[in-house]
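A.B. asks: Sharing a structure below in structure tokens format, with a few things to ask.
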Amino acid sequence: MNAEQRKAELKRIQETQEPSMTGITLTYHGERRKFNAYSIPLSILTYNPYNGRIGAEVKSYERQHHVLDPDDADDVKIIEKFLWESKEEANERTKKSLLEDHQQRYGIVTADGKIIDGNRRASLLNRIWRDDTIPSNIKQHTQYFEAIILPVDADRKEILRLETTYQMGEDAKVDYGPIEKYLKAGDLSEEGFSDAEIASFMGIKAKDVAWYLRILKLMNEYLDNFGYTGIYTMLEEKEDPFQKLEAALRGYKAGNVTKMWGYDVEADVSDLKTIAFDYIRLGLDQTDFRDIIRKPSNAQTDASLFANEEIWRQFSDEHFDTIETVTEETVEDIIKANPNGDLKRLMRARDNAWKEKVGEALRENFNRSRDKLNNKQQAAEPLKLLQKAWSALSAVDTSQDSFKEDPGVATFLDEIMDLAKKYTEIYNG
């Protein structure tokens, strides 16, 4: 059934069928209007593949394969798979409720049968109906979807407004993934909606929309940096570092950070972003990640590696020397070699291969640099530093052959003795 056929069938339903609900108030084209809901056969409706709940999955799939067509039976299975896997536990509960208590809340569909609000519920009703273990007399009602049918003059912008208002508002009881809100804000912005309009649709403040769009821009730069353009599933569990990084970069780019060295707002801040991207990819702990980017304050000038010029120069030089040794297989070559492979699994394997090559060196460089930073921070606390040095020396295993065979050991012992002698003379003198 094509769009015109669906439109004709929905028109017939409105003209010949008694509504299942009446007097539903809905804001439509800026006015409060009353609508009726009808019991519509699911067989004449189509999913919206760009449902906000599965935005990252759909965009990532389309990057590897093709644009999803909700009129294609194979693509319908993919859309339903994404909807089911988005929140399996919650879907199980809703599925049980739909079977036992029927559909409690109406959906919204366009005049030609596209589901604007209720994609998840519609997919669960379809799932129930196809379940041969459930007797037909018990599941009979799941062939139908209760929904408002929008007028034919519903344009793309109005549909997007309704879709966002309901998906991010009333249907938010089933939480969306952390990345989806950024994608939704970006999609609406590209359609020409203002920050204030987007905020009203999403139930947030206009300043939050601006924040979402900045975060999305940074996320896109991250994906582009590693060849993952459009593969938004590579952002899973990475929301927090992008928030922290965006706030830090915004401050550094403004050039008015308190107690800061004379860094270049273009070159040095660009290096900071690139290095931060590498550590996000590595999966550095959030507390550790902040030790790379944190802005200094009056109370703590050596607040991070970037806040101390000497430490930053050494750290960044070592970092880029390590990264430049790595050559990776391109995303395009991996997709070409595995056209039907699970994109998320393939790209994670690529990340893991990268981590195998540079992970240890990056962590060592970070730990070594942070130790220098901690020493700077504790410069006015000599006793703590001496205790730390004593603890490190006490941990040396002198029974190992390398203790006597490695010439570097003798060199460091001489330097430690000279330094200890120097400190003793200062203390006594």
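All residue names refer to the structure tokens as shown: chains lettered A, B, ... in order, residues numbered from 1 in each chain, ligands numbered from 1 in order.
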For the strand (DSSP E) assignment from backbone DSSP, which residues of range 129-171 of chain A qualify? Please present them as JSON, numbers by chain.
C.D. replies: {"A": [144, 145, 146, 147, 148, 149]}
A.B. asks: Residues as selected, C-alpha atoms, written as a JSON list (two decimals), in the first residue's frame, can you do that?
C.D. replies:
[["chain", "number", "residue", "atom", "x", "y", "z"],
["A", 144, "TYR", "CA", -5.43, -1.79, 15.66],
["A", 145, "PHE", "CA", -3.76, 1.43, 16.71],
["A", 146, "GLU", "CA", -5.76, 4.20, 18.39],
["A", 147, "ALA", "CA", -4.60, 7.50, 16.93],
["A", 148, "ILE", "CA", -5.42, 11.03, 15.85],
["A", 149, "ILE", "CA", -5.26, 11.46, 12.08]]
A.B. asks: Can you pull out the residues contacting Tyr212 in chain A? Cut-off 9 Å, using only C-alpha atoms, and skip same-chain residues under 4 positions away; I want them as number ranges by chain.
C.D. replies: A: 181-183, 185-186, 207-208, 216-217
A.B. asks: Filtering to C-alpha atoms, could you give me those residues as a PDB file, in the first residue's frame?
C.D. replies:
ATOM      1  CA  LYS A 181      18.465  14.606  22.610  1.00  0.00           C
ATOM      2  CA  TYR A 182      21.486  16.154  20.904  1.00  0.00           C
ATOM      3  CA  LEU A 183      20.562  14.562  17.571  1.00  0.00           C
ATOM      4  CA  ALA A 185      18.069  19.326  18.632  1.00  0.00           C
ATOM      5  CA  GLY A 186      20.416  19.195  15.636  1.00  0.00           C
ATOM      6  CA  LYS A 207      20.065  28.140  26.643  1.00  0.00           C
ATOM      7  CA  ASP A 208      19.949  24.342  26.963  1.00  0.00           C
ATOM      8  CA  LEU A 216      26.571  17.889  19.084  1.00  0.00           C
ATOM      9  CA  LYS A 217      29.085  19.921  17.064  1.00  0.00           C
TER      10      LYS A 217
END
A.B. asks: When you look at Phe306 in chain A with a cut-off of 12 Å (counting only C-alpha atoms), what residues show up, excluding the ones that are within fewer than 4 positions of it in the same chain? I need them as a ChimeraX atom specification.
C.D. replies: /A:248-249,252,257,260-264,268-273,275-276,289-296,301-302,310-316,366,369-370,373
A.B. asks: For the atom pair CA of Ser394 in chain A and CA of Asn308 in chain A, what is the interatomic distance in Å to one decimal place?
C.D. replies: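 According to the coordinates, CA of Ser394 in chain A and CA of Asn308 in chain A are separated by 29.9 Å.
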A.B. asks: So which one's closest to Lys344 in chain A, A:Arg63, A:Lys184, A:Arg12, A:Arg214? Using only C-alpha atoms, please.
C.D. replies: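 Closest to Lys344 in chain A of all the choices is A:Arg63.
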A.B. asks: Can you list, as a PyMOL selection string, every protein, DNA or RNA residue that comes within 12 Å of Ile79 in chain A when you count only C-alpha atoms, leaving out same-chain residues fewer than 2 positions away?
C.D. replies: chain A and resi 46-51+53-55+57-59+61-62+67-77+81-86+119-120+122-124
A.B. asks: Of the candidates A:Ile128, A:Ile116, A:Ala392, A:Ala111, which one gets nearest to Val152 in chain A if we count only C-alpha atoms?
C.D. replies: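 Answer, going by the shortest atom-to-atom distance: A:Ala111.
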A.B. asks: Which residue, A:Pro41, A:Gly30, A:Pro19, A:Pro178, has the smallest gap to Gln143 in chain A when you use only C-alpha atoms?
C.D. replies: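 Using only C-alpha atoms, Gln143 in chain A sits closest to A:Pro41.
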A.B. asks: Excluding Ala353 in chain A and any residue of its chain fewer than 3 positions from it, enumerate the residues within 12 Å of it, using only C-alpha atoms, and give them as a list in words.
C.D. replies: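 Near Ala353 in chain A, the qualifying residues are Arg281, Leu282, Val326, Thr327, Glu328, Glu329, Leu346, Met347, Arg348, Ala349, Arg350, Glu356, Lys357, Val358 and Gly359 of chain A.
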A.B. asks: For Phe35 in chain A, list every protein, DNA or RNA residue within 8 Å, evaluated using only C-alpha atoms, and leave out those in the same chain fewer than 6 positions away; present the list as an MDAnalysis selection string.
C.D. replies: chainID A and resid 22:26 148
A.B. asks: By how many Å are CA of Ala247 in chain A and CA of Asp288 in chain A apart?
C.D. replies: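 If I compute the distance from CA of Ala247 in chain A to CA of Asp288 in chain A, I get 16.3 Å.
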A.B. asks: Going by DSSP on the backbone, which residues of range 221-324 of chain A come out as alpha helix (DSSP H)? List them as a count of residues only.
C.D. replies: 60
A.B. asks: Go ahead and compute the interatomic distance for CA of Arg93 in chain A and CA of Met21 in chain A, in Å to one decimal.
C.D. replies: 24.4 Å
A.B. asks: Counting only C-alpha atoms, which residue out of A:Thr330, A:Gln17, A:Asn338, A:Thr164 sits closest to Gly227 in chain A?
C.D. replies: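 Result for the nearest residue to Gly227 in chain A: A:Thr330.
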